[in-house]
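> Input structure: input_17.txt, which contains compact mmCIF, C-alpha atoms.
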# COMPACT_ATOMS: atom_id res chain seq x y z
CA MET A 1 27.91 -44.23 -9.58
CA ASP A 2 25.23 -43.65 -12.25
CA GLY A 3 23.92 -40.24 -13.35
CA PHE A 4 20.80 -40.43 -11.17
CA ALA A 5 22.87 -41.21 -8.06
CA VAL A 6 25.26 -38.33 -8.81
CA GLY A 7 22.32 -35.96 -9.23
CA ALA A 8 20.72 -37.14 -6.01
CA THR A 9 24.03 -36.69 -4.16
CA LEU A 10 24.35 -33.13 -5.46
CA VAL A 11 20.81 -32.33 -4.31
CA LEU A 12 21.59 -33.67 -0.84
CA LEU A 13 24.79 -31.62 -0.73
CA VAL A 14 22.89 -28.43 -1.63
CA LEU A 15 20.25 -29.17 1.02
CA SER A 16 22.93 -29.78 3.62
CA VAL A 17 24.47 -26.41 2.77
CA LEU A 18 21.11 -24.80 3.54
CA HIS A 19 21.37 -26.04 7.13
CA GLN A 20 24.99 -25.16 7.78
CA GLU A 21 25.63 -22.37 10.25
CA VAL A 22 27.15 -19.26 8.77
CA HIS A 23 28.93 -16.72 11.00
CA GLY A 24 28.14 -18.53 14.25
CA GLY A 25 24.39 -18.82 14.81
CA LEU A 26 23.19 -16.92 11.74
CA VAL A 27 21.83 -19.28 9.09
CA GLY A 28 22.02 -17.09 6.01
CA SER A 29 19.92 -17.02 2.85
CA ASP A 30 22.75 -17.64 0.34
CA ILE A 31 22.24 -20.92 -1.50
CA ASP A 32 25.02 -21.78 -3.93
CA GLY A 33 25.38 -18.10 -4.80
CA CYS A 34 21.64 -17.41 -4.71
CA ASP A 35 20.45 -14.91 -2.10
CA VAL A 36 16.67 -15.16 -1.85
CA SER A 37 16.56 -11.74 -0.15
CA GLN A 38 17.77 -10.02 -3.35
CA GLY A 39 15.46 -9.76 -6.33
CA ASN A 40 12.43 -8.01 -7.82
CA TRP A 41 8.68 -7.98 -7.45
CA VAL A 42 7.15 -9.30 -10.69
CA PHE A 43 3.53 -9.08 -11.76
CA ASP A 44 1.92 -12.53 -11.64
CA ASP A 45 -1.73 -13.09 -12.61
CA SER A 46 -1.83 -16.29 -10.53
CA TYR A 47 -1.51 -14.17 -7.39
CA PRO A 48 -2.66 -13.59 -4.69
CA LEU A 49 -2.17 -16.97 -2.98
CA TYR A 50 -5.63 -16.61 -1.38
CA ALA A 51 -8.58 -14.24 -1.34
CA ALA A 52 -9.14 -12.45 1.96
CA PRO A 53 -12.91 -13.25 2.05
CA SER A 54 -11.94 -16.95 2.15
CA CYS A 55 -10.46 -16.36 5.63
CA PRO A 56 -13.39 -15.65 7.96
CA PHE A 57 -11.00 -15.10 10.86
CA LEU A 58 -8.94 -12.34 9.18
CA GLU A 59 -8.72 -9.22 11.36
CA LYS A 60 -10.25 -6.05 9.96
CA VAL A 61 -7.02 -4.06 10.21
CA PHE A 62 -5.38 -6.22 7.49
CA ASP A 63 -8.35 -6.67 5.12
CA CYS A 64 -7.70 -3.70 2.84
CA VAL A 65 -10.14 -4.81 0.12
CA LYS A 66 -13.01 -5.08 2.61
CA ASN A 67 -11.99 -1.69 4.01
CA GLY A 68 -12.49 -0.12 0.59
CA ARG A 69 -9.08 -0.09 -1.09
CA PRO A 70 -10.00 0.44 -4.77
CA ASP A 71 -6.82 -0.72 -6.56
CA ARG A 72 -5.93 -4.41 -6.92
CA ASP A 73 -2.53 -4.56 -8.60
CA TYR A 74 -0.75 -4.66 -5.22
CA LEU A 75 -2.22 -8.16 -4.76
CA LYS A 76 -0.57 -9.46 -7.93
CA TYR A 77 3.13 -9.17 -7.18
CA ARG A 78 5.32 -12.21 -6.59
CA TRP A 79 8.84 -12.05 -5.15
CA GLN A 80 11.41 -13.29 -7.68
CA PRO A 81 14.97 -13.73 -6.36
CA SER A 82 17.63 -12.65 -8.85
CA ALA A 83 19.44 -15.98 -9.14
CA CYS A 84 16.82 -18.67 -8.44
CA SER A 85 13.12 -19.26 -7.84
CA LEU A 86 11.24 -19.83 -4.61
CA PRO A 87 9.05 -22.93 -4.32
CA ARG A 88 5.31 -22.49 -4.77
CA PHE A 89 3.62 -22.61 -1.38
CA ASN A 90 1.90 -25.95 -0.74
CA GLY A 91 -0.17 -25.72 2.42
CA SER A 92 -1.27 -29.34 2.38
CA ARG A 93 2.35 -30.49 2.24
CA LEU A 94 3.37 -28.16 5.07
CA LEU A 95 0.54 -29.35 7.33
CA THR A 96 1.50 -32.95 6.61
CA GLU A 97 5.15 -32.33 7.43
CA LEU A 98 4.21 -30.44 10.60
CA ARG A 99 1.77 -33.08 11.82
CA GLY A 100 1.75 -33.15 15.62
CA LYS A 101 3.89 -30.02 15.89
CA SER A 102 3.53 -26.38 16.92
CA ILE A 103 4.71 -23.07 15.46
CA MET A 104 4.79 -19.97 17.64
CA PHE A 105 5.18 -16.37 16.48
CA ILE A 106 6.48 -14.15 19.29
CA GLY A 107 6.44 -10.40 18.81
CA ASP A 108 4.31 -7.35 18.12
CA SER A 109 1.45 -6.73 15.68
CA LEU A 110 3.78 -7.39 12.74
CA SER A 111 4.11 -10.94 14.07
CA LEU A 112 0.31 -10.97 14.20
CA ASN A 113 0.39 -9.85 10.56
CA GLN A 114 2.58 -12.83 9.60
CA TRP A 115 0.65 -15.28 11.81
CA GLN A 116 -2.65 -14.26 10.20
CA SER A 117 -1.08 -14.60 6.77
CA LEU A 118 0.08 -18.15 7.48
CA THR A 119 -3.27 -19.20 8.94
CA CYS A 120 -4.96 -17.93 5.76
CA MET A 121 -2.43 -19.60 3.47
CA LEU A 122 -2.90 -22.95 5.22
CA TYR A 123 -6.68 -22.72 5.67
CA THR A 124 -7.31 -21.93 2.00
CA SER A 125 -5.00 -24.81 1.00
CA VAL A 126 -7.22 -27.30 2.86
CA PRO A 127 -10.62 -25.54 2.92
CA LYS A 128 -12.48 -28.67 4.06
CA ALA A 129 -10.31 -29.04 7.15
CA LYS A 130 -11.81 -27.99 10.45
CA TYR A 131 -10.07 -25.42 12.63
CA THR A 132 -10.36 -23.85 16.05
CA SER A 133 -9.20 -20.37 17.03
CA VAL A 134 -8.88 -19.34 20.67
CA ARG A 135 -7.40 -16.28 22.33
CA THR A 136 -6.48 -16.25 26.02
CA GLY A 137 -4.87 -13.02 27.17
CA GLY A 138 -1.93 -12.32 24.89
CA LEU A 139 -1.82 -15.84 23.42
CA SER A 140 -3.78 -16.80 20.30
CA THR A 141 -3.94 -20.44 19.18
CA PHE A 142 -5.13 -21.59 15.74
CA THR A 143 -5.40 -25.39 15.48
CA PHE A 144 -5.95 -27.83 12.62
CA PRO A 145 -7.25 -30.85 14.61
CA GLU A 146 -7.00 -33.24 11.64
CA TYR A 147 -3.25 -32.64 11.50
CA ASN A 148 -2.75 -31.86 15.19
CA VAL A 149 -0.91 -28.70 14.11
CA LYS A 150 -0.98 -25.57 16.25
CA LEU A 151 -0.11 -22.07 15.07
CA LEU A 152 0.35 -19.76 18.03
CA PHE A 153 0.85 -16.02 18.34
CA SER A 154 2.23 -14.60 21.58
CA ARG A 155 1.94 -10.83 21.76
CA ASN A 156 5.30 -9.71 23.16
CA ALA A 157 6.47 -6.46 21.64
CA LEU A 158 9.90 -6.19 23.32
CA ILE A 159 10.80 -9.87 24.06
CA VAL A 160 12.60 -8.91 27.26
CA ASN A 161 10.85 -8.37 30.59
CA ILE A 162 8.81 -5.37 31.74
CA VAL A 163 8.17 -5.17 35.48
CA ARG A 164 5.53 -2.94 37.05
CA THR A 165 6.63 -1.13 40.21
CA PRO A 166 5.13 1.69 42.31
CA ASP A 167 7.51 4.05 40.50
CA GLY A 168 6.48 2.91 37.03
CA ARG A 169 7.18 0.27 34.38
CA ILE A 170 10.79 -0.89 34.20
CA LEU A 171 12.15 -2.37 30.96
CA LYS A 172 14.73 -4.94 32.10
CA LEU A 173 17.15 -5.38 29.21
CA ASP A 174 18.89 -8.35 30.84
CA SER A 175 15.83 -10.43 31.79
CA ILE A 176 13.40 -12.85 30.12
CA SER A 177 10.27 -13.35 32.21
CA THR A 178 9.65 -16.73 33.85
CA GLN A 179 6.27 -16.84 32.09
CA ASP A 180 7.88 -16.42 28.66
CA ASP A 181 10.59 -18.95 29.47
CA LYS A 182 7.89 -21.55 30.14
CA LEU A 183 5.78 -20.52 27.15
CA TRP A 184 8.60 -20.81 24.62
CA SER A 185 9.97 -24.10 25.92
CA GLY A 186 8.94 -27.22 24.03
CA VAL A 187 7.62 -25.44 20.92
CA ASP A 188 8.82 -27.04 17.66
CA VAL A 189 9.26 -23.82 15.64
CA LEU A 190 9.87 -20.42 17.26
CA ILE A 191 9.69 -17.23 15.14
CA PHE A 192 10.75 -14.10 17.02
CA ASN A 193 10.31 -10.47 16.04
CA THR A 194 10.91 -7.18 17.81
CA TRP A 195 11.73 -3.63 16.74
CA HIS A 196 8.62 -1.51 16.12
CA TRP A 197 7.95 -0.59 19.77
CA TRP A 198 11.58 0.27 20.54
CA VAL A 199 11.25 3.64 18.78
CA HIS A 200 8.06 4.84 20.49
CA THR A 201 8.22 7.88 22.75
CA GLY A 202 5.72 9.78 24.86
CA ARG A 203 2.39 8.14 25.63
CA LYS A 204 3.07 5.23 23.27
CA GLN A 205 6.34 4.29 25.02
CA PRO A 206 5.61 1.06 26.92
CA TRP A 207 8.10 1.71 29.76
CA ASN A 208 9.04 4.51 32.17
CA PHE A 209 12.59 3.42 33.00
CA ILE A 210 15.26 1.16 31.51
CA GLN A 211 17.31 -1.16 33.68
CA MET A 212 20.48 -3.07 32.88
CA GLY A 213 22.05 -4.91 35.80
CA ASN A 214 22.05 -2.56 38.79
CA GLU A 215 21.89 0.57 36.64
CA THR A 216 18.60 2.35 35.96
CA TYR A 217 18.17 4.92 33.17
CA LYS A 218 15.42 7.34 32.25
CA ASP A 219 16.23 6.68 28.61
CA MET A 220 18.94 5.23 26.37
CA ASP A 221 19.91 5.26 22.71
CA ARG A 222 17.24 2.96 21.32
CA LEU A 223 19.57 0.96 19.06
CA VAL A 224 21.91 0.38 22.00
CA ALA A 225 19.00 -0.78 24.18
CA TYR A 226 17.72 -2.97 21.33
CA GLU A 227 21.10 -4.67 20.95
CA LYS A 228 21.34 -5.33 24.69
CA ALA A 229 17.86 -6.87 24.67
CA LEU A 230 18.66 -9.05 21.65
CA ASN A 231 21.81 -10.27 23.38
CA THR A 232 19.65 -11.31 26.36
CA TRP A 233 17.29 -13.15 24.00
CA ALA A 234 20.28 -14.78 22.25
CA THR A 235 21.60 -16.02 25.59
CA TRP A 236 18.19 -17.56 26.31
CA VAL A 237 18.18 -19.36 22.94
CA ASP A 238 21.76 -20.62 23.35
CA SER A 239 21.06 -21.85 26.89
CA ASN A 240 17.58 -23.34 26.47
CA VAL A 241 16.94 -24.48 22.90
CA ASP A 242 17.69 -28.03 21.76
CA SER A 243 18.39 -27.52 18.06
CA ASN A 244 17.61 -31.17 17.35
CA LYS A 245 14.02 -30.56 18.47
CA THR A 246 13.35 -26.86 17.88
CA LYS A 247 13.99 -24.62 14.88
CA VAL A 248 14.48 -20.94 15.72
CA PHE A 249 13.80 -18.10 13.29
CA PHE A 250 14.08 -14.34 13.54
CA GLN A 251 11.53 -12.55 11.39
CA GLY A 252 13.84 -9.74 10.37
CA VAL A 253 12.90 -6.07 10.58
CA SER A 254 9.72 -5.01 8.81
CA PRO A 255 10.10 -1.45 7.44
CA ASP A 256 7.50 1.29 7.39
CA HIS A 257 6.99 3.81 4.58
CA SER A 258 6.21 7.06 6.35
CA ASN A 259 8.60 9.34 4.48
CA GLY A 260 8.97 9.32 0.69
CA ARG A 261 12.42 10.91 0.90
CA GLU A 262 13.69 7.61 2.27
CA TRP A 263 13.00 5.92 -1.08
CA GLY A 264 13.90 8.90 -3.28
CA ASP A 265 10.45 10.42 -3.78
CA PRO A 266 10.20 13.71 -1.88
CA GLN A 267 6.72 14.26 -3.33
CA ALA A 268 5.41 11.24 -1.42
CA ASN A 269 4.78 12.17 2.20
CA ASN A 270 4.00 8.55 3.13
CA CYS A 271 2.53 5.30 1.76
CA SER A 272 -0.84 6.83 0.89
CA ALA A 273 -1.89 6.31 -2.77
CA GLN A 274 1.22 4.21 -3.53
CA SER A 275 0.17 1.58 -6.07
CA GLU A 276 3.30 -0.24 -7.27
CA PRO A 277 6.59 -1.54 -5.86
CA LEU A 278 9.98 0.06 -6.23
CA PRO A 279 12.26 -1.70 -8.74
CA GLY A 280 14.83 -4.04 -7.21
CA PRO A 281 17.13 -5.54 -6.38
CA ASN A 282 18.46 -2.64 -4.33
CA TYR A 283 16.45 -0.31 -2.14
CA PRO A 284 17.41 3.29 -2.99
CA GLY A 285 17.45 4.35 0.65
CA GLU A 286 19.79 3.37 3.47
CA ALA A 287 20.08 -0.10 4.97
CA HIS A 288 17.84 -0.46 8.00
CA PRO A 289 19.95 0.17 11.13
CA ALA A 290 17.96 -2.29 13.26
CA GLU A 291 18.52 -5.07 10.74
CA LYS A 292 22.27 -4.53 11.04
CA VAL A 293 21.94 -5.03 14.81
CA VAL A 294 19.93 -8.22 14.32
CA GLU A 295 22.56 -9.73 12.03
CA LYS A 296 25.38 -8.68 14.39
CA VAL A 297 23.72 -10.43 17.34
CA LEU A 298 22.81 -13.58 15.39
CA ARG A 299 26.44 -13.99 14.33
CA THR A 300 27.51 -14.25 17.98
CA MET A 301 25.16 -17.13 18.79
CA SER A 302 26.19 -20.75 19.22
CA LYS A 303 22.79 -22.22 18.29
CA PRO A 304 21.58 -21.94 14.67
CA VAL A 305 18.99 -19.23 14.05
CA HIS A 306 17.51 -18.80 10.59
CA LEU A 307 17.03 -15.16 9.59
CA LEU A 308 13.94 -14.58 7.48
CA ASN A 309 15.64 -11.78 5.62
CA VAL A 310 12.50 -9.81 4.75
CA THR A 311 13.78 -6.26 5.17
CA THR A 312 14.97 -5.33 1.67
CA LEU A 313 12.16 -7.09 -0.19
CA SER A 314 9.64 -5.36 2.09
CA GLN A 315 11.34 -1.96 1.71
CA LEU A 316 10.55 -2.21 -2.01
CA ARG A 317 6.81 -2.56 -1.27
CA LYS A 318 5.75 1.02 -0.50
CA ASP A 319 2.38 0.03 -2.01
CA GLY A 320 1.69 -2.86 0.39
CA HIS A 321 0.42 -1.02 3.49
CA PRO A 322 -3.21 -0.42 4.48
CA SER A 323 -2.65 3.39 4.48
CA VAL A 324 -6.21 4.74 4.91
CA TYR A 325 -7.76 1.29 4.35
CA GLY A 326 -6.85 -0.11 7.75
CA LEU A 327 -8.49 -0.07 11.15
CA GLY A 328 -8.49 3.70 11.59
CA GLY A 329 -9.70 4.55 8.10
CA HIS A 330 -8.98 8.11 7.00
CA ARG A 331 -8.45 9.09 10.66
CA GLY A 332 -5.53 6.70 11.13
CA LEU A 333 -2.97 6.36 8.35
CA ASP A 334 -1.18 2.97 8.61
CA CYS A 335 2.16 2.73 6.82
CA THR A 336 3.50 0.08 9.21
CA HIS A 337 1.31 -3.02 8.87
CA TRP A 338 0.64 -4.86 5.62
CA CYS A 339 -2.52 -5.67 3.68
CA LEU A 340 -3.55 -9.32 3.49
CA ALA A 341 -3.28 -10.89 1.06
CA GLY A 342 0.07 -9.21 0.59
CA VAL A 343 3.72 -8.91 1.56
CA PRO A 344 3.69 -11.17 4.68
CA ASP A 345 2.61 -14.04 2.41
CA THR A 346 6.10 -13.84 0.88
CA TRP A 347 7.65 -13.89 4.35
CA ASN A 348 5.79 -17.16 4.84
CA VAL A 349 6.95 -18.52 1.48
CA LEU A 350 10.51 -18.00 2.79
CA LEU A 351 9.49 -19.77 6.01
CA TYR A 352 7.93 -22.60 3.99
CA ALA A 353 11.11 -23.01 1.92
CA ALA A 354 13.20 -23.21 5.11
CA LEU A 355 10.88 -25.72 6.82
CA THR A 356 10.47 -28.07 3.84
CA GLN A 357 13.93 -27.95 2.27
CA ASN A 358 15.06 -31.29 3.71
Just give me the structure as structure tokens.

Amino acid sequence: MDGFAVGATLVLLVLSVLHQEVHGGLVGSDIDGCDVSQGNWVFDDSYPLYAAPSCPFLEKVFDCVKNGRPDRDYLKYRWQPSACSLPRFNGSRLLTELRGKSIMFIGDSLSLNQWQSLTCMLYTSVPKAKYTSVRTGGLSTFTFPEYNVKLLFSRNALIVNIVRTPDGRILKLDSISTQDDKLWSGVDVLIFNTWHWWVHTGRKQPWNFIQMGNETYKDMDRLVAYEKALNTWATWVDSNVDSNKTKVFFQGVSPDHSNGREWGDPQANNCSAQSEPLPGPNYPGEAHPAEKVVEKVLRTMSKPVHLLNVTTLSQLRKDGHPSVYGLGGHRGLDCTHWCLAGVPDTWNVLLYAALTQN
């Protein structure tokens, strides 16, 4: 075997490792000792990957520059894994490889954040391509007709079923709705996300009661409820997804930055006026408890699920939120969502690497 053949064989072996299941259903981010979730944010003058004004469909809540954010350095950071480099995003290539296929983001407004990021990244890669954007109820569909590629966003904050009754809204931890079952079936790439709404209380809490089997509760430890719901989702994936036809991803848990003590800066009350990332590779605060639950559940699954391990890299970006330059302006501080261009673009670079690696 000549040198070229040996090299090609090694490349194929590395690519096959990328697709192997690790710990049951969890497809991890370690590649020959390189964990793409560990690294640093480095200043890169070639960033951002697109300019927000080039995306006429970008929602106001994410367009921090248009909303008056005066600093620009937050746009210039690129994620650099410690032991390797991520591929440069190539939207034209991705559209070509996805020709005739569909990608669906299922989750809350952080899924909307990532969906909008990907539509911008692709649209600005092929600016002469026509597109259509339609929203019907909780389903948004962005289509590139030339490629017959559909990018869908299904607003579904909790993944499991909520049933309205005369007594109130019941969160059924052991049930996926029939409507969602039909909606998710047949999609080529599914990207799930849920966490943000599990911690809401009071008027923002989207349920009145929690039900598991025949037992009904007024409330429950939220991490316990979250794990039960993820197990229900995992059962749906294992029972309904054909891995030869559909790739399944879990977005990972997107952190907020509402308390500076969490990252070792007691003088910072929140994300307001933050202008640079924390140094990596380690976040100075605690590991996110919800992310631990996600990984625990994914390890129990029989079907492969690729974790977009965005938590730590996003924890380092205390500067990436709209803060007072979001939808609510100075009346509504936003330390949960992310400016676009911004951090979700890196989530989509990880998605791009996973979708194009073979």
> Kindly give the distance, in Å, that separates CA of Val61 in chain A and CA of Lys76 in chain A, rounded to a single decimal.
20.0 Å
> Take CA of Val36 in chain A and CA of Gln357 in chain A and report the distance between them in Å, one decimal.
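Separation between CA of Val36 in chain A and CA of Gln357 in chain A: 13.7 Å.
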> Mind pulling up the distance from CA of Tyr226 in chain A to CA of Gly168 in chain A?
20.2 Å
> Using all atoms listed in the file, find the one residue out of A:Leu118, A:Val160, A:Ala234, A:Val27 that sits nearest to Trp347 in chain A.
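Among A:Leu118, A:Val160, A:Ala234, A:Val27, it is A:Leu118 that comes nearest to Trp347 in chain A.
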> Point out the residue among A:Ser175, A:Asn348, A:Thr165, A:Trp236 with the least atom-to-atom distance to Asn208 in chain A, counting all atoms listed in the file.
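So, comparing all the options, the nearest one is A:Thr165.
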> Given the choices A:Val149, A:Val324, A:Leu122, A:Leu139, which gets closest to Arg99 in chain A if the distance is worked out from only C-alpha atoms?
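Under the stated criterion, the closest residue is A:Val149.
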> Go through A:Asn270, A:Ser37, A:Thr232, A:Ser258 one by one, measure the shortest atom-to-atom distance of each to Leu308 in chain A using all atoms listed in the file, and give the residue with the smallest value.
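Nearest candidate to Leu308 in chain A out of A:Asn270, A:Ser37, A:Thr232, A:Ser258: A:Ser37.
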> Nearest to Val224 in chain A: which of A:Thr178, A:Val199, A:Leu340, A:Cys64 is it, counting all atoms listed in the file?
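Counting all atoms listed in the file, the residue closest to Val224 in chain A is A:Val199.
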